[in-house]
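J.: Input structure: coords36.txt, which contains compact mmCIF, C-alpha atoms.
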```
# COMPACT_ATOMS: atom_id res chain seq x y z
CA MET A 1 3.61 -16.55 62.15
CA LEU A 2 7.42 -16.52 62.32
CA GLY A 3 7.53 -14.37 65.46
CA SER A 4 6.47 -17.33 67.64
CA ALA A 5 8.68 -20.01 66.04
CA ARG A 6 10.90 -20.49 69.08
CA GLU A 7 7.87 -20.60 71.40
CA ARG A 8 6.11 -23.15 69.16
CA ALA A 9 9.21 -25.32 69.05
CA ALA A 10 9.54 -25.25 72.84
CA TRP A 11 5.83 -25.99 73.30
CA ASP A 12 5.73 -29.06 71.06
CA GLY A 13 9.14 -30.29 72.18
CA GLY A 14 10.45 -30.30 68.61
CA LYS A 15 13.69 -29.01 67.25
CA ARG A 16 13.32 -27.05 64.05
CA VAL A 17 15.19 -25.31 61.27
CA LEU A 18 14.25 -21.94 59.79
CA LEU A 19 15.63 -22.04 56.25
CA ALA A 20 16.20 -18.66 54.59
CA ALA A 21 14.99 -17.93 51.09
CA PRO A 22 16.53 -16.50 49.02
CA ARG A 23 19.89 -18.15 49.68
CA GLY A 24 22.78 -19.53 47.65
CA TYR A 25 23.68 -18.87 44.04
CA CYS A 26 22.88 -15.47 42.56
CA ALA A 27 22.58 -14.81 38.82
CA GLY A 28 26.15 -13.50 38.52
CA VAL A 29 27.67 -16.53 40.24
CA ASP A 30 25.55 -18.95 38.22
CA ARG A 31 26.67 -17.25 34.99
CA ALA A 32 30.36 -17.34 35.97
CA VAL A 33 30.39 -21.00 36.98
CA ILE A 34 28.49 -22.07 33.86
CA ALA A 35 30.92 -20.02 31.75
CA VAL A 36 33.86 -22.10 33.03
CA GLU A 37 31.94 -25.34 32.57
CA LYS A 38 30.94 -24.44 29.00
CA ALA A 39 34.49 -23.34 28.19
CA LEU A 40 35.83 -26.70 29.36
CA ASP A 41 33.21 -28.51 27.28
CA LEU A 42 33.93 -26.43 24.20
CA TYR A 43 37.69 -25.88 24.24
CA GLY A 44 38.79 -28.83 26.35
CA ALA A 45 41.10 -28.75 29.36
CA PRO A 46 42.95 -26.84 30.45
CA VAL A 47 41.01 -23.62 30.74
CA TYR A 48 42.68 -21.04 32.96
CA VAL A 49 40.83 -18.85 35.45
CA ARG A 50 42.29 -15.72 37.02
CA LYS A 51 41.77 -15.92 40.80
CA GLU A 52 38.84 -17.97 42.08
CA ILE A 53 35.90 -17.83 39.67
CA VAL A 54 33.71 -17.27 42.74
CA HIS A 55 34.68 -17.39 46.40
CA ASN A 56 33.70 -20.95 47.27
CA LYS A 57 36.10 -23.81 47.94
CA HIS A 58 33.70 -26.53 46.76
CA VAL A 59 33.04 -24.80 43.44
CA VAL A 60 36.75 -24.20 42.80
CA ARG A 61 37.67 -27.78 43.66
CA THR A 62 34.93 -29.18 41.44
CA LEU A 63 36.09 -27.10 38.47
CA GLN A 64 39.71 -28.05 39.10
CA GLU A 65 38.71 -31.71 38.88
CA ARG A 66 37.25 -30.98 35.44
CA GLY A 67 40.44 -29.33 34.20
CA ALA A 68 40.24 -25.67 35.21
CA ILE A 69 43.55 -24.18 36.36
CA PHE A 70 43.32 -21.23 38.74
CA VAL A 71 46.13 -18.68 38.59
CA ASP A 72 46.88 -15.46 40.44
CA GLU A 73 47.98 -13.42 37.44
CA THR A 74 48.01 -13.55 33.66
CA ASP A 75 51.76 -14.19 33.41
CA ALA A 76 51.11 -17.71 34.78
CA VAL A 77 49.05 -18.55 31.68
CA PRO A 78 50.82 -19.88 28.56
CA GLU A 79 50.50 -17.55 25.59
CA GLY A 80 47.42 -18.06 23.45
CA GLU A 81 45.47 -20.09 26.02
CA HIS A 82 41.92 -19.46 27.22
CA LEU A 83 41.61 -17.35 30.36
CA VAL A 84 38.39 -16.64 32.24
CA PHE A 85 38.11 -13.45 34.28
CA SER A 86 36.31 -14.16 37.56
CA ALA A 87 32.91 -12.83 38.59
CA HIS A 88 34.63 -10.17 40.71
CA GLY A 89 35.97 -8.28 37.69
CA VAL A 90 39.42 -7.05 36.70
CA SER A 91 41.11 -3.73 36.08
CA PRO A 92 42.07 -2.39 32.62
CA ALA A 93 45.70 -3.20 33.49
CA VAL A 94 44.84 -6.90 33.82
CA ARG A 95 42.99 -6.86 30.50
CA ALA A 96 46.01 -5.23 28.85
CA ALA A 97 48.36 -7.83 30.34
CA ALA A 98 46.15 -10.63 28.98
CA GLU A 99 46.09 -9.03 25.54
CA ALA A 100 49.87 -8.70 25.56
CA ARG A 101 50.11 -12.48 26.00
CA SER A 102 47.56 -13.12 23.23
CA LEU A 103 45.27 -14.82 25.73
CA GLN A 104 41.79 -15.72 24.57
CA THR A 105 39.78 -14.14 27.34
CA ILE A 106 36.27 -14.90 28.53
CA ASP A 107 34.91 -12.14 30.73
CA ALA A 108 32.73 -13.67 33.46
CA THR A 109 32.53 -10.44 35.45
CA CYS A 110 29.13 -10.13 37.09
CA PRO A 111 27.13 -7.51 35.14
CA LEU A 112 26.32 -5.76 38.44
CA VAL A 113 30.05 -5.35 39.08
CA THR A 114 30.50 -4.10 35.52
CA LYS A 115 27.86 -1.47 36.29
CA VAL A 116 30.00 -0.14 39.15
CA HIS A 117 33.07 -0.11 36.88
CA LYS A 118 31.16 2.01 34.35
CA GLU A 119 30.03 4.40 37.08
CA ALA A 120 33.65 4.83 38.19
CA VAL A 121 34.76 5.60 34.63
CA ARG A 122 31.92 8.07 34.11
CA PHE A 123 32.54 10.00 37.34
CA ALA A 124 36.29 10.04 36.71
CA LYS A 125 35.65 11.65 33.32
CA GLN A 126 33.75 14.35 35.18
CA ASP A 127 36.89 14.78 37.34
CA ALA A 128 34.93 13.81 40.42
CA GLU A 129 36.66 12.33 43.43
CA ILE A 130 35.27 8.83 44.14
CA LEU A 131 35.05 7.29 47.60
CA LEU A 132 34.81 3.54 47.02
CA ILE A 133 33.32 1.83 50.08
CA GLY A 134 34.78 -1.66 50.21
CA HIS A 135 37.47 -3.91 51.60
CA THR A 136 41.05 -3.14 50.58
CA GLY A 137 42.58 -6.14 48.81
CA HIS A 138 39.27 -7.68 47.74
CA GLU A 139 39.41 -8.57 44.04
CA GLU A 140 36.27 -6.61 43.23
CA VAL A 141 37.63 -3.47 44.89
CA GLU A 142 40.97 -3.84 43.09
CA GLY A 143 39.18 -4.16 39.76
CA THR A 144 36.93 -1.14 40.30
CA ALA A 145 39.72 1.03 41.69
CA GLY A 146 41.85 0.12 38.69
CA GLU A 147 39.35 1.81 36.37
CA ALA A 148 40.27 5.24 37.72
CA PRO A 149 43.17 4.93 40.20
CA ASP A 150 43.86 8.67 40.29
CA HIS A 151 40.27 9.44 41.28
CA ILE A 152 39.40 6.64 43.72
CA THR A 153 40.02 6.35 47.45
CA VAL A 154 38.94 3.16 49.22
CA VAL A 155 36.95 3.56 52.44
CA ASP A 156 37.20 0.30 54.38
CA ASN A 157 34.66 0.91 57.15
CA PRO A 158 32.72 3.60 59.03
CA ASP A 159 35.72 4.52 61.20
CA VAL A 160 37.81 5.29 58.11
CA ALA A 161 35.04 7.65 57.01
CA ASP A 162 35.87 9.81 60.03
CA THR A 163 39.46 10.35 58.94
CA ILE A 164 39.41 10.32 55.14
CA VAL A 165 40.93 13.37 53.45
CA VAL A 166 39.45 14.62 50.17
CA LYS A 167 40.63 17.20 47.64
CA ASP A 168 37.31 18.78 46.72
CA PRO A 169 34.33 18.13 49.03
CA ASP A 170 32.02 19.75 46.47
CA ASN A 171 32.84 17.26 43.69
CA LEU A 172 32.60 14.01 45.59
CA VAL A 173 30.67 10.78 44.94
CA TRP A 174 30.51 7.41 46.70
CA LEU A 175 30.35 3.96 45.14
CA SER A 176 30.52 0.58 46.85
CA GLN A 177 31.61 -3.02 46.57
CA THR A 178 28.55 -5.09 45.68
CA THR A 179 28.82 -7.63 48.53
CA LEU A 180 28.87 -5.45 51.65
CA SER A 181 26.59 -5.26 54.65
CA VAL A 182 23.82 -2.85 53.67
CA ASP A 183 23.59 -1.44 57.20
CA GLU A 184 27.34 -0.90 57.59
CA THR A 185 27.55 0.71 54.15
CA MET A 186 24.75 3.12 55.01
CA GLU A 187 26.48 3.95 58.30
CA THR A 188 29.67 4.70 56.37
CA VAL A 189 27.74 6.95 54.00
CA ARG A 190 26.02 8.71 56.93
CA ARG A 191 29.34 9.48 58.56
CA LEU A 192 30.87 10.64 55.27
CA ARG A 193 27.91 12.93 54.63
CA GLN A 194 28.25 14.47 58.09
CA ARG A 195 31.69 15.64 57.04
CA PHE A 196 30.94 16.24 53.36
CA PRO A 197 27.30 17.43 52.95
CA ASN A 198 27.61 17.66 49.15
CA LEU A 199 28.58 13.98 48.77
CA GLN A 200 26.71 12.57 45.75
CA ASP A 201 24.98 9.17 45.69
CA PRO A 202 25.52 6.66 42.88
CA PRO A 203 22.76 6.69 40.24
CA SER A 204 21.47 3.35 41.59
CA ASP A 205 22.21 1.04 44.51
CA ASP A 206 25.62 -0.63 44.09
CA ILE A 207 25.07 -3.41 46.62
CA CYS A 208 23.72 -6.26 44.55
CA TYR A 209 20.13 -7.47 44.88
CA ALA A 210 21.27 -10.93 46.00
CA THR A 211 23.47 -9.63 48.82
CA SER A 212 20.66 -7.39 50.03
CA ASN A 213 18.00 -10.11 49.74
CA ARG A 214 20.05 -12.64 51.71
CA GLN A 215 20.63 -10.11 54.47
CA VAL A 216 16.92 -9.28 54.66
CA ALA A 217 16.06 -12.98 54.90
CA ILE A 218 18.48 -13.68 57.74
CA LYS A 219 17.29 -10.58 59.59
CA LYS A 220 13.80 -12.08 59.53
CA ILE A 221 15.01 -15.37 60.99
CA ALA A 222 17.72 -14.22 63.41
CA PRO A 223 15.52 -12.98 66.30
CA GLU A 224 13.96 -16.46 66.58
CA ALA A 225 17.20 -18.43 66.15
CA ASP A 226 19.25 -19.86 69.00
CA LEU A 227 21.89 -20.66 66.39
CA VAL A 228 22.42 -19.50 62.80
CA VAL A 229 24.55 -21.55 60.42
CA VAL A 230 25.80 -19.68 57.35
CA VAL A 231 27.20 -21.85 54.57
CA GLY A 232 30.00 -20.09 52.71
CA SER A 233 33.77 -19.78 52.42
CA ALA A 234 35.93 -17.53 54.59
CA ASN A 235 36.97 -15.36 51.64
CA SER A 236 33.36 -14.82 50.57
CA SER A 237 32.57 -11.27 51.65
CA ASN A 238 28.81 -11.69 51.44
CA SER A 239 28.91 -14.94 53.46
CA VAL A 240 30.98 -13.36 56.23
CA ARG A 241 28.58 -10.40 56.29
CA LEU A 242 25.64 -12.79 56.80
CA VAL A 243 27.15 -13.96 60.09
CA GLU A 244 27.54 -10.35 61.23
CA VAL A 245 24.02 -9.43 60.12
CA ALA A 246 22.54 -12.44 61.94
CA LEU A 247 24.22 -11.50 65.21
CA ASP A 248 23.26 -7.83 64.86
CA ALA A 249 19.65 -8.87 64.19
CA GLY A 250 19.36 -10.92 67.37
CA ALA A 251 20.63 -14.44 66.77
CA ARG A 252 22.04 -15.90 69.99
CA SER A 253 25.00 -17.33 68.08
CA ALA A 254 26.07 -17.59 64.45
CA HIS A 255 28.79 -19.53 62.67
CA ARG A 256 30.04 -19.82 59.11
CA VAL A 257 30.94 -23.23 57.68
CA ASP A 258 32.31 -24.31 54.32
CA THR A 259 30.67 -27.72 54.67
CA ALA A 260 28.52 -29.65 57.12
CA HIS A 261 31.65 -31.37 58.45
CA GLU A 262 32.66 -28.13 60.19
CA ILE A 263 29.55 -28.04 62.40
CA GLN A 264 30.57 -28.36 66.05
CA ASP A 265 28.74 -30.31 68.79
CA GLU A 266 29.17 -27.54 71.35
CA TRP A 267 27.12 -25.12 69.28
CA PHE A 268 23.89 -26.99 70.10
CA GLU A 269 23.69 -26.76 73.87
CA GLY A 270 20.26 -25.33 74.70
CA VAL A 271 19.44 -24.83 71.01
CA THR A 272 15.86 -25.42 69.85
CA THR A 273 15.68 -23.32 66.67
CA VAL A 274 18.46 -23.23 64.05
CA GLY A 275 18.51 -20.68 61.24
CA VAL A 276 20.23 -21.72 58.02
CA THR A 277 21.28 -19.63 55.04
CA SER A 278 24.09 -19.55 52.47
CA GLY A 279 26.14 -16.97 50.64
CA ALA A 280 25.61 -16.01 47.02
CA SER A 281 28.43 -18.25 45.77
CA VAL A 282 27.24 -21.44 47.51
CA PRO A 283 25.68 -24.36 45.57
CA GLU A 284 22.53 -25.83 47.10
CA ILE A 285 24.14 -29.25 47.57
CA LEU A 286 26.17 -27.81 50.46
CA VAL A 287 23.00 -26.53 52.14
CA ASP A 288 21.37 -29.93 51.67
CA GLU A 289 24.31 -31.54 53.46
CA VAL A 290 23.95 -29.12 56.37
CA LEU A 291 20.23 -29.88 56.60
CA ALA A 292 20.99 -33.61 56.63
CA GLN A 293 23.52 -33.07 59.42
CA LEU A 294 20.97 -31.09 61.41
CA ALA A 295 18.29 -33.74 60.84
CA ALA A 296 20.69 -36.36 62.23
CA ARG A 297 20.92 -34.20 65.36
CA GLY A 298 17.15 -34.12 65.71
CA TYR A 299 16.42 -30.88 63.85
CA GLY A 300 14.17 -32.50 61.27
CA GLN A 301 11.39 -29.93 61.02
CA VAL A 302 12.31 -27.44 58.29
CA GLU A 303 10.30 -24.27 57.76
CA GLU A 304 11.36 -22.17 54.76
CA VAL A 305 11.09 -18.44 55.40
CA THR A 306 10.75 -16.54 52.12
CA THR A 307 11.26 -12.78 51.99
CA ALA A 308 11.77 -12.29 48.23
CA GLN A 309 11.50 -14.08 44.90
CA GLU A 310 14.47 -14.02 42.52
CA ASP A 311 14.18 -14.74 38.80
CA LEU A 312 17.01 -12.65 37.33
CA THR A 313 19.32 -14.38 34.84
CA PHE A 314 22.32 -13.15 32.86
CA SER A 315 23.41 -14.32 29.43
CA LEU A 316 26.81 -15.99 29.03
CA PRO A 317 29.87 -13.87 28.13
CA SER A 318 29.71 -12.70 24.53
CA ASP A 319 32.92 -14.41 23.27
CA LEU A 320 31.75 -17.72 24.68
CA ARG A 321 28.28 -17.31 23.17
CA ARG A 322 29.85 -16.59 19.79
CA ASP A 323 31.97 -19.73 19.86
CA LEU A 324 29.08 -21.87 21.07
CA LYS A 325 26.99 -20.65 18.11
CA SER A 326 29.81 -21.02 15.60
CA GLY A 327 29.79 -24.80 15.66
CA LEU A 328 33.35 -24.93 16.98
CA THR A 329 34.31 -28.57 17.44
CA PRO A 330 34.61 -29.48 21.14
CA GLY A 331 38.26 -29.45 22.11
CA ALA A 332 39.27 -27.07 19.31
CA ARG A 333 41.14 -23.89 20.09
CA ARG A 334 39.73 -20.62 18.88
CA SER A 335 41.79 -19.13 16.05
CA LEU A 336 43.90 -16.22 17.15
CA PRO A 337 43.46 -12.92 15.30
CA VAL A 338 46.06 -12.32 12.60
CA THR A 339 48.14 -9.18 13.11
CA PRO A 340 48.82 -7.38 9.82
CA VAL A 341 52.47 -7.04 8.84
```
Take the structure in the file and give it back as structure tokens.
T.:
Amino acid sequence: MLGSARERAAWDGGKRVLLAAPRGYCAGVDRAVIAVEKALDLYGAPVYVRKEIVHNKHVVRTLQERGAIFVDETDAVPEGEHLVFSAHGVSPAVRAAAEARSLQTIDATCPLVTKVHKEAVRFAKQDAEILLIGHTGHEEVEGTAGEAPDHITVVDNPDVADTIVVKDPDNLVWLSQTTLSVDETMETVRRLRQRFPNLQDPPSDDICYATSNRQVAIKKIAPEADLVVVVGSANSSNSVRLVEVALDAGARSAHRVDTAHEIQDEWFEGVTTVGVTSGASVPEILVDEVLAQLAARGYGQVEEVTTAQEDLTFSLPSDLRRDLKSGLTPGARRSLPVTPV
């Protein structure tokens, strides 16, 4: 039984690791990374990617080594080249800018993010005011807000919910970024509803299954962990949230690392049980390296704690699937559409 893990470890004198499952790559991240890899195989380097394909330094560096070029905006891409939209999604304005440069786009937006985009468009058509719970400046929030900028107000956190001003409290709906803390999002909604009782819920949960599952898993482990190590990059919202969730759930300490090299000696004083998890954009090789580092420190007993099974997969972006099926010669450039004169 997990509840006695720390006691068991102390009793037998062993140091142990509680390894969260699920952890690491979600279906949307897997799809996006494979899309860039397949595009490089099919079209040859360079293939351009707007922003980071997913928020993980190791993944970005690995793709750069294969010939991917990451850019901030479409105007940095030569006309006619291939451009991949990241898993976080883009606004209609970005799509229009890419079209104006005759870029051959591959849309690797996570389908669960696309779902939120469609909800925003639908509610805007109903002239509803949309409160988008999410972090200002995050690429996903910018993309969703860009679908209906005149109807969307971003709510950064529960405290903002106490001060937000709306036009019509009787025609109001909330949506959310997919990678937030479930508990903090629900607290934001609770405080919004206190002020606006007629606030409508989205038709289905916007926080993605993978974000939720990883938070549930670390909540299970955290009360028994003297230390939690979360593998993930600093700009990965869901990874940062895992640290917060671990501490809120009872972990004595919690730290985020990009790689095992960032683990600090001072974290281990008095530590018997270490919890380990990783964000949804983290490849398993980085977790393996952390486990090896922990084993070298004497934490060789690994107990996997499973709270859910994940088997969801997403098909590759449609334009990429079409070219893969067409027999396009590797390294060839897709023919640009001919504009009638």
J.: From the options A:Val231, A:Leu316, A:His151, A:Val245, which residue's atoms come nearest to Glu284 (chain A), counting only C-alpha atoms?
T.: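 Closest candidate: A:Val231.
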J.: Could you list, as a PyMOL selection string, every residue within 12 Å of Leu247 (chain A), counting all atoms listed in the file and ignoring same-chain residues fewer than 4 positions away?
T.: chain A and resi 215+218-230+240-243+251-256+275
J.: Under the rule that all atoms listed in the file are counted, which of A:Leu112, A:Val17, A:Val282, A:Ile207 is the nearest residue to Leu132 (chain A)?
T.: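 Of the candidates, the smallest distance to Leu132 (chain A) is held by A:Ile207.
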J.: Can you tell me how far CA of Pro283 (chain A) sits from CA of Phe268 (chain A), in Å to one decimal?
T.: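 One can read the CA of Pro283 (chain A) to CA of Phe268 (chain A) distance as 24.7 Å.
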J.: Would you mind listing what lies within 12 Å of Lys167 (chain A) as a PDB file with C-alpha atoms, in the coordinates of the input, with all atoms listed in the file counted and same-chain residues fewer than 6 positions away left out?
T.:
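The resulting file, around-v6.pdb, is reproduced below:
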```
ATOM      1  CA  ASP A 127      36.890  14.780  37.340  1.00  0.00           C
ATOM      2  CA  ALA A 128      34.930  13.810  40.420  1.00  0.00           C
ATOM      3  CA  GLU A 129      36.660  12.330  43.430  1.00  0.00           C
ATOM      4  CA  ILE A 130      35.270   8.830  44.140  1.00  0.00           C
ATOM      5  CA  LEU A 131      35.050   7.290  47.600  1.00  0.00           C
ATOM      6  CA  ASP A 150      43.860   8.670  40.290  1.00  0.00           C
ATOM      7  CA  HIS A 151      40.270   9.440  41.280  1.00  0.00           C
ATOM      8  CA  ILE A 152      39.400   6.640  43.720  1.00  0.00           C
ATOM      9  CA  THR A 153      40.020   6.350  47.450  1.00  0.00           C
ATOM     10  CA  PHE A 196      30.940  16.240  53.360  1.00  0.00           C
TER      11      PHE A 196
END
```
J.: Which residue, A:Ser86, A:Gln177, A:Asn198, A:Ser281, has the smallest gap to Gly137 (chain A) when you use only C-alpha atoms?
T.: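 Comparing A:Ser86, A:Gln177, A:Asn198, A:Ser281 against Gly137 (chain A), the winner is A:Gln177.
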J.: Taking into account all atoms listed in the file, which residue in the set A:Asn56, A:Trp174, A:Asn157, A:His117 is nearest to Glu187 (chain A)?
T.: A:Asn157
J.: Kindly give the distance, in Å, that separates CA of Val216 (chain A) and CA of Lys118 (chain A), rounded to a single decimal.
T.: 27.3 Å
J.: Record the distance separating CA of Thr144 (chain A) and CA of Pro197 (chain A), expressed in Å with one decimal.
T.: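 We find that CA of Thr144 (chain A) and CA of Pro197 (chain A) lie 24.4 Å from each other.
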J.: Would you be able to write out as JSON, numbers by chain which residues have an atom within 10 Å of (34.0, -21.9, 41.5) in the file's coordinates, counting all atoms listed in the file?
T.: {"A": [29, 30, 32, 33, 34, 36, 37, 49, 51, 52, 53, 54, 55, 56, 57, 58, 59, 60, 61, 62, 63, 64, 68, 70, 86, 87, 281, 282, 283]}
